[in-house]
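Please read the structure below before turning to the comments.
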Amino acid sequence: MEPIIRIENLSKLYRLGTIGTGTLSNDLKRWWYLSRGKEDPFQQVGVSNNRSMKSDSDYVWALKDINFEVNKGEILGIIGKNGAGKSTLLKILSKVTGPTTGKIEFNGRIGSLLEVGTGFHPELTGRENIFLNGAILGMTRHEIRSKLDEIVDFSGCERYIDTPVKRYSSGMTVRLGFAVAAHLEPEILIVDEVLAVGDAEFQKKAIGKMKDVSHSDGRTVLFVSHNMAAVKNLCDRGIVLKDGTTCFNGQIEECVEYYLSENLRQIDGVQDIEEMKNRKGTGKVILSDFWVENLQGKRIENILSGDDVKLAFKVKSTIPHLKKVVLGFSFRNTQGANIGNIHSSFQNVFFELAEPGYHVVRFTFRDLNLAPGRFLIDAALFVNGELSDWVTDSIAYIDVQMGDYYQTGSKGDESWGDILFKGEWSLDSVNAIAQKQDN
């Protein structure tokens, strides 16, 4: 089968800081080399795209020697951490920007949704933008008009379809943008993380539509998401990007397993959370360490469902007199799906850190209802409602084993999911119910 997309040795080089080489002499040097058919001399000093490491080079390879093929009707998942090169790859495939080196072969029209409002003119109405996007895709006015009602209905924006798009919310813009991209029949549909802006109902609807256009109409979909459950549910095959290079290419289950295992290896390799580079916030108070204790304050490794445990977060304040400090954390399963989160503010709990230095915030988890398995922990700190520290990668993980959660001596079976439930059971016979109603 002839692939609909073929990418060979694709690379993209960026100069950090300013546009151009920065000096006239370097610009002339680049022109002189390229005019004689030689390689750009500044490509030789480009470093890999690892945003967490310092470098003396002003040039970075956002992508380096990417090779893969996509067949018609295939749904390809593109996985990677922030900064891995996913968006750069999609922008090149969407012809928003060009590659530095390499070759791309297409065999069909491309519809893309890379950012909220991609391809929309804010002064035009939703209806006018549908015709504009269709024209960009090379469709005739008659073809667009035949799909118009279907697009508007799918987007759920009928009431605002004749309102300028600049007055749409981000969710409405994504709804309309995806509806246009999916219904105007491009042979290749490119969707970035933007679906995360939509609500859960629309995300489910959009994933169903992508499956339908791929399986029924034979269209090709390239899908980027950090939601591993959505990726596994939608995609057939995947690639994993790391620092601008392809580190894995295979079936989607294998890709997800590889990606998550790489994250766990990274967590294992970091002794101090303070060393982790991928973080955002003001830095007034930062996450420093994490461990699990029993109620007596002793650190434990064996965590059993049904136990009372304390999650301990060591934090470091860098300035004195911090008030209204909030800590929040969440659990994710090994598929990347968030299974629950809590902030101290949910319970009107705020901390005050009088002196700079280290402090330990503990959360007591009564009757732990996590099922057996491995759970990733994400955490963030806020000061007066402002983000102070958020490590964008998971800070740790815990392994939970089945304990006597039901307090019956029975450990259940293998049918559990991520959360364990228990409550009170009752039984009423049909005759008893009928007698109650008669009385």
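Chain identifiers are assigned as A, B, and so on, following the order in which chains appear in the structure tokens; residues are numbered from 1 within each chain, and ligands are numbered from 1 in order of appearance.
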Item to complete: Mind checking which residues fall within 7 Å of stretch 234-240 of chain A, counting only C-alpha atoms, ignoring those fewer than 3 positions away in the same chain, and posting them as a list in words?
Response: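 My list of contacting residues is Glu74, Ile75, Leu76, Gly77, Ile78, Ile79, Gly80, Ile207, Lys211, Ala230, Val231, Thr246, Cys247, Phe248, Asn249, Gly250, Gln251, Ile252, Cys255 and Tyr259 of chain A.
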Worksheet item: Using only C-alpha atoms, which residues sit within 7 Å of A:Val292 once same-chain residues fewer than 4 positions away are excluded, as a list in words?
Response: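 Result of the neighbour search: Arg299, Ile300, Val309, Lys310, Leu311 and Ala312 of chain A.
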Dump N, CA and C atoms for the selected residues as an mmCIF file, in the first residue's frame?
data_model
loop_
_atom_site.group_PDB
_atom_site.id
_atom_site.type_symbol
_atom_site.label_atom_id
_atom_site.label_comp_id
_atom_site.auth_asym_id
_atom_site.auth_seq_id
_atom_site.Cartn_x
_atom_site.Cartn_y
_atom_site.Cartn_z
ATOM 1 N N ARG A 299 8.352 6.013 57.760
ATOM 2 C CA ARG A 299 8.283 5.876 56.298
ATOM 3 C C ARG A 299 8.018 4.416 55.931
ATOM 4 N N ILE A 300 7.154 4.215 54.953
ATOM 5 C CA ILE A 300 6.792 2.857 54.549
ATOM 6 C C ILE A 300 6.943 2.702 53.039
ATOM 7 N N VAL A 309 -2.780 5.997 55.727
ATOM 8 C CA VAL A 309 -1.419 6.416 55.396
ATOM 9 C C VAL A 309 -1.346 7.937 55.334
ATOM 10 N N LYS A 310 -0.134 8.444 55.450
ATOM 11 C CA LYS A 310 0.110 9.871 55.313
ATOM 12 C C LYS A 310 1.002 10.117 54.101
ATOM 13 N N LEU A 311 0.585 10.996 53.217
ATOM 14 C CA LEU A 311 1.420 11.429 52.097
ATOM 15 C C LEU A 311 2.155 12.680 52.542
ATOM 16 N N ALA A 312 3.474 12.628 52.524
ATOM 17 C CA ALA A 312 4.302 13.730 53.035
ATOM 18 C C ALA A 312 4.959 14.470 51.876
#
Worksheet item: So which one's closest to A:Ile144, A:Ile419, A:Leu176, A:Val165, A:Leu184? Using only C-alpha atoms, please.
Response: A:Leu184
Practice prompt. Determine, counting only C-alpha atoms, which protein, DNA and RNA residues have an atom within 12 Å of an atom of A:Lys209; residues of the same chain fewer than 2 positions away are not included. Present the result as an NGL selection string.
Written response: :A and (151 or 154-155 or 178-183 or 189 or 202-207 or 211-217 or 219 or 221 or 234)
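With only C-alpha atoms as the atoms that count, the residue of A:Lys91, A:Arg6, A:Lys86, A:Arg36 with the shortest distance to A:Thr245 is A:Lys86.
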Counting only C-alpha atoms, what are the residues of stretch 364-415 of chain A within 8 Å of stretch 315-326 of chain A, and for each of them which pair of atoms is the nearest and at what distance in Å, to one decimal? Sort the table by chain and rising number, as CSV.
residue,atom,partner,partner_atom,distance
A:Leu381,CA,A:Val326,CA,5.7
A:Phe382,CA,A:Val326,CA,5.0
A:Val383,CA,A:Val325,CA,4.6
A:Asn384,CA,A:Lys324,CA,5.3
A:Gly385,CA,A:Lys324,CA,7.9
Worksheet item: Which residues in stretch 314-437 of chain A does DSSP call strand (DSSP E)? List them as a ChimeraX atom specification.
Response: /A:314-317,322-332,338-343,351-353,357-365,373-383,386-391,396-401
Item to complete: DSSP on the backbone, then: every residue of stretch 3-226 of chain A marked alpha helix (DSSP H), written as a VMD selection string.
Response: chain A and resid 24 to 35 86 to 93 126 to 136 141 to 155 170 to 183 200 to 215
Fill in: Among the residues A:Lys81, A:Arg374, A:Arg15, A:His121, the one that comes closest to A:Tyr59 [using only C-alpha atoms]
A:Arg15
